[in-house]
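Engineer: Data file my_file36.cif (mmCIF, C-alpha atoms) is appended below.
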data_input
loop_
_atom_site.label_atom_id
_atom_site.label_comp_id
_atom_site.auth_asym_id
_atom_site.auth_seq_id
_atom_site.Cartn_x
_atom_site.Cartn_y
_atom_site.Cartn_z
CA MET A 1 0.00 0.00 0.00
CA SER A 2 1.35 3.47 -0.81
CA SER A 3 2.09 6.08 1.84
CA LYS A 4 -0.80 8.28 0.72
CA PRO A 5 -3.60 5.87 1.70
CA LEU A 6 -1.81 5.18 4.96
CA ALA A 7 -1.73 8.91 5.69
CA ALA A 8 -5.41 9.22 4.84
CA GLU A 9 -6.23 6.32 7.16
CA ALA A 10 -4.22 7.88 9.97
CA ASP A 11 -6.20 11.13 9.62
CA ALA A 12 -9.57 9.39 9.65
CA PRO A 13 -11.60 9.46 12.88
CA PRO A 14 -13.43 6.32 14.05
CA GLY A 15 -16.46 5.63 11.88
CA ALA A 16 -15.21 7.76 8.99
CA ARG A 17 -16.33 5.29 6.32
CA GLU A 18 -19.86 5.11 7.71
CA LEU A 19 -19.96 8.91 8.10
CA LEU A 20 -19.08 9.38 4.44
CA LEU A 21 -21.84 7.02 3.38
CA GLN A 22 -24.46 8.63 5.62
CA THR A 23 -23.47 12.13 4.55
CA ALA A 24 -23.76 11.13 0.89
CA SER A 25 -27.20 9.69 1.66
CA ASP A 26 -28.28 12.89 3.42
CA ILE A 27 -27.09 15.08 0.53
CA MET A 28 -29.02 13.06 -2.05
CA ARG A 29 -32.15 12.90 0.06
CA GLU A 30 -32.21 16.60 0.81
CA GLY A 31 -31.35 17.61 -2.75
CA ASP A 32 -33.61 15.05 -4.45
CA ILE A 33 -30.62 13.95 -6.57
CA VAL A 34 -28.63 10.80 -7.30
CA ASP A 35 -25.19 12.36 -7.36
CA ILE A 36 -22.91 14.32 -5.04
CA SER A 37 -19.89 16.58 -5.27
CA LEU A 38 -16.84 15.52 -3.29
CA SER A 39 -16.37 19.10 -2.09
CA GLU A 40 -19.85 19.18 -0.56
CA LEU A 41 -19.31 15.72 0.90
CA SER A 42 -16.10 16.92 2.53
CA LEU A 43 -17.71 20.10 3.83
CA ARG A 44 -20.79 18.36 5.24
CA SER A 45 -18.91 15.43 6.80
CA GLY A 46 -15.91 17.39 8.03
CA LEU A 47 -13.66 14.75 6.46
CA ASN A 48 -10.90 15.01 3.87
CA SER A 49 -12.22 14.01 0.45
CA ALA A 50 -9.07 11.91 0.01
CA LEU A 51 -10.78 9.38 2.28
CA VAL A 52 -13.22 8.62 -0.53
CA LYS A 53 -10.31 7.27 -2.56
CA TYR A 54 -8.97 5.36 0.43
CA TYR A 55 -12.23 3.64 1.38
CA PHE A 56 -14.03 3.37 -1.97
CA GLY A 57 -11.50 3.92 -4.77
CA ASN A 58 -13.46 6.80 -6.30
CA LYS A 59 -16.89 8.46 -6.24
CA ALA A 60 -18.42 5.63 -8.26
CA GLY A 61 -17.16 3.20 -5.62
CA LEU A 62 -18.80 5.33 -2.92
CA MET A 63 -22.11 5.20 -4.77
CA LYS A 64 -21.88 1.41 -5.10
CA ALA A 65 -21.08 1.07 -1.41
CA LEU A 66 -24.07 3.26 -0.52
CA LEU A 67 -26.35 1.14 -2.69
CA ASP A 68 -25.00 -2.02 -1.06
CA ARG A 69 -25.56 -0.57 2.41
CA ASP A 70 -29.15 0.46 1.74
CA MET A 71 -30.18 -2.61 -0.23
CA GLU A 72 -28.59 -5.03 2.25
CA ASP A 73 -30.72 -3.44 4.97
CA ILE A 74 -33.83 -4.10 2.89
CA VAL A 75 -32.90 -7.71 2.07
CA HIS A 76 -32.11 -8.47 5.72
CA ALA A 77 -35.38 -6.89 6.85
CA VAL A 78 -37.37 -8.97 4.33
CA ASP A 79 -35.55 -12.15 5.40
CA ALA A 80 -36.36 -11.39 9.04
CA LEU A 81 -40.00 -10.72 8.17
CA MET A 82 -40.31 -13.98 6.23
CA ALA A 83 -38.94 -15.84 9.26
CA LYS A 84 -41.69 -14.51 11.55
CA ASP A 85 -44.71 -16.62 12.43
CA MET A 86 -47.32 -14.41 10.79
CA SER A 87 -50.20 -14.83 8.38
CA PRO A 88 -49.47 -13.94 4.74
CA GLU A 89 -51.85 -10.97 4.94
CA ALA A 90 -50.27 -9.56 8.10
CA ARG A 91 -46.80 -10.12 6.68
CA LEU A 92 -47.59 -8.30 3.45
CA ARG A 93 -49.22 -5.39 5.26
CA ARG A 94 -46.13 -4.97 7.41
CA HIS A 95 -43.85 -5.24 4.38
CA ILE A 96 -45.71 -2.55 2.42
CA GLY A 97 -45.53 -0.22 5.39
CA ALA A 98 -41.81 -0.90 5.76
CA MET A 99 -41.26 -0.16 2.06
CA VAL A 100 -42.90 3.23 2.38
CA ASP A 101 -40.72 3.98 5.41
CA THR A 102 -37.62 2.93 3.46
CA TYR A 103 -38.31 5.18 0.49
CA PHE A 104 -39.16 8.08 2.81
CA LYS A 105 -35.71 7.60 4.35
CA THR A 106 -33.88 6.96 1.06
CA PRO A 107 -36.02 8.37 -1.78
CA TYR A 108 -33.06 8.19 -4.16
CA LEU A 109 -32.70 4.42 -3.82
CA ASN A 110 -34.43 3.09 -6.94
CA ARG A 111 -32.98 5.85 -9.11
CA LEU A 112 -29.49 5.07 -7.78
CA LEU A 113 -30.06 1.37 -8.37
CA MET A 114 -31.10 1.89 -11.98
CA ARG A 115 -28.26 4.30 -12.62
CA LEU A 116 -25.62 1.91 -11.31
CA VAL A 117 -27.04 -1.07 -13.18
CA ARG A 118 -27.09 0.99 -16.39
CA GLU A 119 -23.58 2.40 -15.95
CA SER A 120 -21.87 -0.75 -14.66
CA ASP A 121 -20.30 -3.49 -16.73
CA ALA A 122 -22.22 -6.73 -17.16
CA GLU A 123 -20.47 -8.47 -14.26
CA GLU A 124 -21.20 -5.70 -11.75
CA ALA A 125 -24.79 -5.32 -12.96
CA GLN A 126 -25.31 -9.04 -12.44
CA ARG A 127 -23.78 -8.82 -8.96
CA ILE A 128 -26.25 -6.11 -8.02
CA ALA A 129 -29.14 -8.20 -9.33
CA ASP A 130 -27.97 -11.39 -7.61
CA SER A 131 -27.26 -9.68 -4.28
CA HIS A 132 -30.14 -7.26 -3.97
CA LEU A 133 -32.96 -7.93 -6.43
CA LEU A 134 -33.30 -11.68 -6.82
CA PRO A 135 -33.64 -12.26 -3.04
CA LEU A 136 -36.57 -9.85 -3.01
CA HIS A 137 -38.20 -11.52 -6.01
CA ARG A 138 -37.86 -14.92 -4.30
CA ALA A 139 -39.44 -13.54 -1.12
CA TYR A 140 -42.38 -12.13 -3.08
CA ASP A 141 -42.85 -15.44 -4.89
CA ARG A 142 -42.94 -17.34 -1.60
CA LEU A 143 -45.19 -14.82 0.13
CA ILE A 144 -47.77 -14.79 -2.64
CA ARG A 145 -47.75 -18.57 -3.04
CA GLU A 146 -48.37 -18.96 0.69
CA GLY A 147 -51.20 -16.41 0.54
CA VAL A 148 -52.81 -18.14 -2.44
CA LYS A 149 -52.53 -21.52 -0.71
CA ALA A 150 -54.17 -20.06 2.40
CA GLY A 151 -57.00 -18.68 0.27
CA VAL A 152 -56.38 -15.04 1.22
CA PHE A 153 -54.61 -13.80 -1.94
CA ARG A 154 -55.62 -13.87 -5.57
CA ASP A 155 -53.29 -15.83 -7.83
CA VAL A 156 -51.31 -12.88 -9.17
CA ASP A 157 -47.96 -12.87 -10.94
CA PRO A 158 -45.32 -12.33 -8.19
CA GLN A 159 -42.94 -10.61 -10.60
CA LEU A 160 -45.53 -8.08 -11.72
CA PHE A 161 -46.71 -7.59 -8.15
CA TYR A 162 -43.14 -6.76 -7.11
CA PHE A 163 -43.00 -3.94 -9.64
CA THR A 164 -46.47 -2.71 -8.66
CA ALA A 165 -45.72 -2.62 -4.93
CA THR A 166 -42.21 -1.18 -5.09
CA GLY A 167 -43.23 1.31 -7.76
CA ALA A 168 -46.11 2.60 -5.65
CA ALA A 169 -43.96 2.89 -2.53
CA ASP A 170 -41.08 4.59 -4.33
CA ARG A 171 -42.80 6.92 -6.77
CA PHE A 172 -44.37 9.30 -4.28
CA PHE A 173 -41.08 10.12 -2.55
CA SER A 174 -39.03 10.34 -5.76
CA ALA A 175 -41.40 12.87 -7.34
CA ARG A 176 -40.84 15.92 -5.18
CA LEU A 177 -40.88 18.22 -8.20
CA VAL A 178 -44.48 17.18 -8.82
CA LEU A 179 -45.34 17.88 -5.19
CA LYS A 180 -43.62 21.26 -5.41
CA HIS A 181 -45.08 22.54 -8.66
CA CYS A 182 -48.55 21.00 -8.44
CA PHE A 183 -49.28 20.93 -4.73
CA ASP A 184 -46.89 23.54 -3.30
CA ARG A 185 -45.19 20.96 -1.06
CA ASP A 186 -41.46 20.40 -1.21
CA THR A 187 -40.78 18.73 2.12
CA LEU A 188 -41.08 15.04 2.91
CA THR A 189 -42.65 15.21 6.35
CA GLU A 190 -43.41 12.35 8.72
CA GLU A 191 -47.09 13.27 8.52
CA LEU A 192 -46.98 12.88 4.73
CA ARG A 193 -45.16 9.57 5.10
CA ASP A 194 -47.76 8.23 7.53
CA ARG A 195 -50.64 9.23 5.28
CA TYR A 196 -49.03 7.65 2.25
CA ARG A 197 -48.18 4.48 4.17
CA ASP A 198 -51.85 3.95 5.08
CA HIS A 199 -52.89 4.80 1.52
CA CYS A 200 -50.48 2.30 -0.04
CA ILE A 201 -51.42 -0.50 2.32
CA ASP A 202 -55.14 0.01 1.64
CA PHE A 203 -54.79 0.17 -2.16
CA ILE A 204 -52.27 -2.62 -2.65
CA MET A 205 -54.04 -5.01 -0.29
CA ALA A 206 -57.36 -4.31 -2.00
CA GLY A 207 -55.79 -5.47 -5.26
CA ILE A 208 -54.41 -8.78 -4.00
CA LEU A 209 -56.88 -9.96 -1.36
CA ALA A 210 -59.20 -12.73 -2.50
CA HIS A 211 -62.85 -11.74 -2.67
CA ASN A 212 -64.83 -14.45 -0.92
#
Would you give me this structure, written as structure tokens?
Structural biologist:
Amino acid sequence: MSSKPLAAEADAPPGARELLLQTASDIMREGDIVDISLSELSLRSGLNSALVKYYFGNKAGLMKALLDRDMEDIVHAVDALMAKDMSPEARLRRHIGAMVDTYFKTPYLNRLLMRLVRESDAEEAQRIADSHLLPLHRAYDRLIREGVKAGVFRDVDPQLFYFTATGAADRFFSARLVLKHCFDRDTLTEELRDRYRDHCIDFIMAGILAHN
């Protein structure tokens, strides 16, 4: 290792890597963007921008690490939910609510995901799919099959349902320009999140519940 990375490491306070990731997340959330400037990252975090090179290689590496951090949290949460002893309906209701909470916290997530898949080489794009997307598709497939077997869900296509549910949860929080110019609202408040969570749960569940 060269002396420059060693110097950067020596200057880094405890938790510097995590602070860089969280600061990048905060910048993108507040600015409704899927990019950052290293100068703003340095100013907001109070850390030398050379640490980006040390920890992540470059800004693209930082973006990939942020995606991995956020998506791994989602995959782990879904795995934990699927392990709970709950009915399919209760499990899906909780999952939809958790999705809305996730996109309120990280409204850039799907846009960042699509950008990195599009800009990465085939090997990296496949890694992202294998690590973060396919586990979610498998969970949806299992959840819907269990609900159909229990007689509480209609027999819908799990793949299409995945896009319907995630699209509904994501779209509201990634469309702040619409909120600003059409409804004079430019702030993602907790009150707005709570209203949209209830709305999403009601609408999505109405579409999948079996009508006896």
Engineer: Apply the PyMOL selection byres ((chain A and resi 172) around 10) to the file shown and report the selected residues as an mmCIF file with C-alpha atoms, keeping the file's coordinate frame.
Structural biologist:
data_model
loop_
_atom_site.group_PDB
_atom_site.id
_atom_site.type_symbol
_atom_site.label_atom_id
_atom_site.label_comp_id
_atom_site.auth_asym_id
_atom_site.auth_seq_id
_atom_site.Cartn_x
_atom_site.Cartn_y
_atom_site.Cartn_z
ATOM 1 C CA VAL A 100 -42.900 3.230 2.380
ATOM 2 C CA TYR A 103 -38.310 5.180 0.490
ATOM 3 C CA PHE A 104 -39.160 8.080 2.810
ATOM 4 C CA PRO A 107 -36.020 8.370 -1.780
ATOM 5 C CA GLY A 167 -43.230 1.310 -7.760
ATOM 6 C CA ALA A 168 -46.110 2.600 -5.650
ATOM 7 C CA ALA A 169 -43.960 2.890 -2.530
ATOM 8 C CA ASP A 170 -41.080 4.590 -4.330
ATOM 9 C CA ARG A 171 -42.800 6.920 -6.770
ATOM 10 C CA PHE A 173 -41.080 10.120 -2.550
ATOM 11 C CA SER A 174 -39.030 10.340 -5.760
ATOM 12 C CA ALA A 175 -41.400 12.870 -7.340
ATOM 13 C CA ARG A 176 -40.840 15.920 -5.180
ATOM 14 C CA VAL A 178 -44.480 17.180 -8.820
ATOM 15 C CA LEU A 179 -45.340 17.880 -5.190
ATOM 16 C CA LEU A 188 -41.080 15.040 2.910
ATOM 17 C CA ARG A 193 -45.160 9.570 5.100
ATOM 18 C CA TYR A 196 -49.030 7.650 2.250
#
Engineer: Taking the file as I've supplied it (selection: the PyMOL selection byres ((chain A and resi 28-38) around 7)), which residues are included? Please answer as JSON, numbers by chain.
Structural biologist: {"A": [24, 25, 26, 27, 39, 40, 41, 42, 49, 106, 107, 108, 111, 112]}
Engineer: Please measure the separation of CA of Phe56 in chain A and CA of Leu21 in chain A, giving the value in Å to one decimal.
Structural biologist: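 Interatomic distance, CA of Phe56 in chain A to CA of Leu21 in chain A: 10.1 Å.
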Engineer: To test the calculation: enclose all listed atoms of range 153-168 of chain A in a box whose edges run along x, y and z, add 6 Å on each side, then state centre and edge lengths in Å to one decimal, as AutoDock Vina command-line options.
Structural biologist:
--center_x -48.9 --center_y -6.6 --center_z -6.8 --size_x 25.4 --size_y 30.4 --size_z 21.8
Engineer: If the PyMOL selection byres ((chain A and resi 67) around 10) were run on this exact file, what residues would it hold? Put them as an NGL selection string.
Structural biologist: :A and (21 or 25 or 61-66 or 68-73 or 108-110 or 112-113 or 116 or 128 or 132)
Engineer: Is it possible to get the residues within 9 Å of (-47.6, -8.2, -6.4) (coordinates as in the file, counting only C-alpha atoms) written as a ChimeraX atom specification?
Structural biologist: /A:140-141,144,156-166,204,207-208
Engineer: Using the selection just defined, write its residues with C-alpha atoms as a PDB file, in the frame of the given file.
Structural biologist:
ATOM      1  CA  TYR A 140     -42.380 -12.130  -3.080  1.00  0.00           C
ATOM      2  CA  ASP A 141     -42.850 -15.440  -4.890  1.00  0.00           C
ATOM      3  CA  ILE A 144     -47.770 -14.790  -2.640  1.00  0.00           C
ATOM      4  CA  VAL A 156     -51.310 -12.880  -9.170  1.00  0.00           C
ATOM      5  CA  ASP A 157     -47.960 -12.870 -10.940  1.00  0.00           C
ATOM      6  CA  PRO A 158     -45.320 -12.330  -8.190  1.00  0.00           C
ATOM      7  CA  GLN A 159     -42.940 -10.610 -10.600  1.00  0.00           C
ATOM      8  CA  LEU A 160     -45.530  -8.080 -11.720  1.00  0.00           C
ATOM      9  CA  PHE A 161     -46.710  -7.590  -8.150  1.00  0.00           C
ATOM     10  CA  TYR A 162     -43.140  -6.760  -7.110  1.00  0.00           C
ATOM     11  CA  PHE A 163     -43.000  -3.940  -9.640  1.00  0.00           C
ATOM     12  CA  THR A 164     -46.470  -2.710  -8.660  1.00  0.00           C
ATOM     13  CA  ALA A 165     -45.720  -2.620  -4.930  1.00  0.00           C
ATOM     14  CA  THR A 166     -42.210  -1.180  -5.090  1.00  0.00           C
ATOM     15  CA  ILE A 204     -52.270  -2.620  -2.650  1.00  0.00           C
ATOM     16  CA  GLY A 207     -55.790  -5.470  -5.260  1.00  0.00           C
ATOM     17  CA  ILE A 208     -54.410  -8.780  -4.000  1.00  0.00           C
TER      18      ILE A 208
END
Engineer: Within 10 Å of Leu19 in chain A, counting only C-alpha atoms, which residues qualify if same-chain residues fewer than 2 places away don't, as a JSON list (two decimals) with C-alpha atoms, in the frame of the given file?
Structural biologist:
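Dumped everything to part06.json:
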[["chain", "number", "residue", "atom", "x", "y", "z"],
["A", 13, "PRO", "CA", -11.60, 9.46, 12.88],
["A", 14, "PRO", "CA", -13.43, 6.32, 14.05],
["A", 15, "GLY", "CA", -16.46, 5.63, 11.88],
["A", 16, "ALA", "CA", -15.21, 7.76, 8.99],
["A", 17, "ARG", "CA", -16.33, 5.29, 6.32],
["A", 21, "LEU", "CA", -21.84, 7.02, 3.38],
["A", 22, "GLN", "CA", -24.46, 8.63, 5.62],
["A", 23, "THR", "CA", -23.47, 12.13, 4.55],
["A", 24, "ALA", "CA", -23.76, 11.13, 0.89],
["A", 25, "SER", "CA", -27.20, 9.69, 1.66],
["A", 41, "LEU", "CA", -19.31, 15.72, 0.90],
["A", 44, "ARG", "CA", -20.79, 18.36, 5.24],
["A", 45, "SER", "CA", -18.91, 15.43, 6.80],
["A", 46, "GLY", "CA", -15.91, 17.39, 8.03],
["A", 47, "LEU", "CA", -13.66, 14.75, 6.46]]
Engineer: Mind giving me the straight-line distance from CA of Arg127 in chain A to CA of Gly57 in chain A in Å, one decimal?
Structural biologist: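 Straight-line distance from CA of Arg127 in chain A to CA of Gly57 in chain A works out to 18.2 Å.
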Engineer: In Å, with one decimal, what is the gap from CA of Gly147 in chain A to CA of Ser87 in chain A?
Structural biologist: 8.1 Å
Engineer: Would you mind telling me which residue in A:His76, A:Lys105, A:Arg142, A:Lys59 lies nearest to Arg91 in chain A when using only C-alpha atoms?
Structural biologist: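 Nearest candidate to Arg91 in chain A out of A:His76, A:Lys105, A:Arg142, A:Lys59: A:Arg142.
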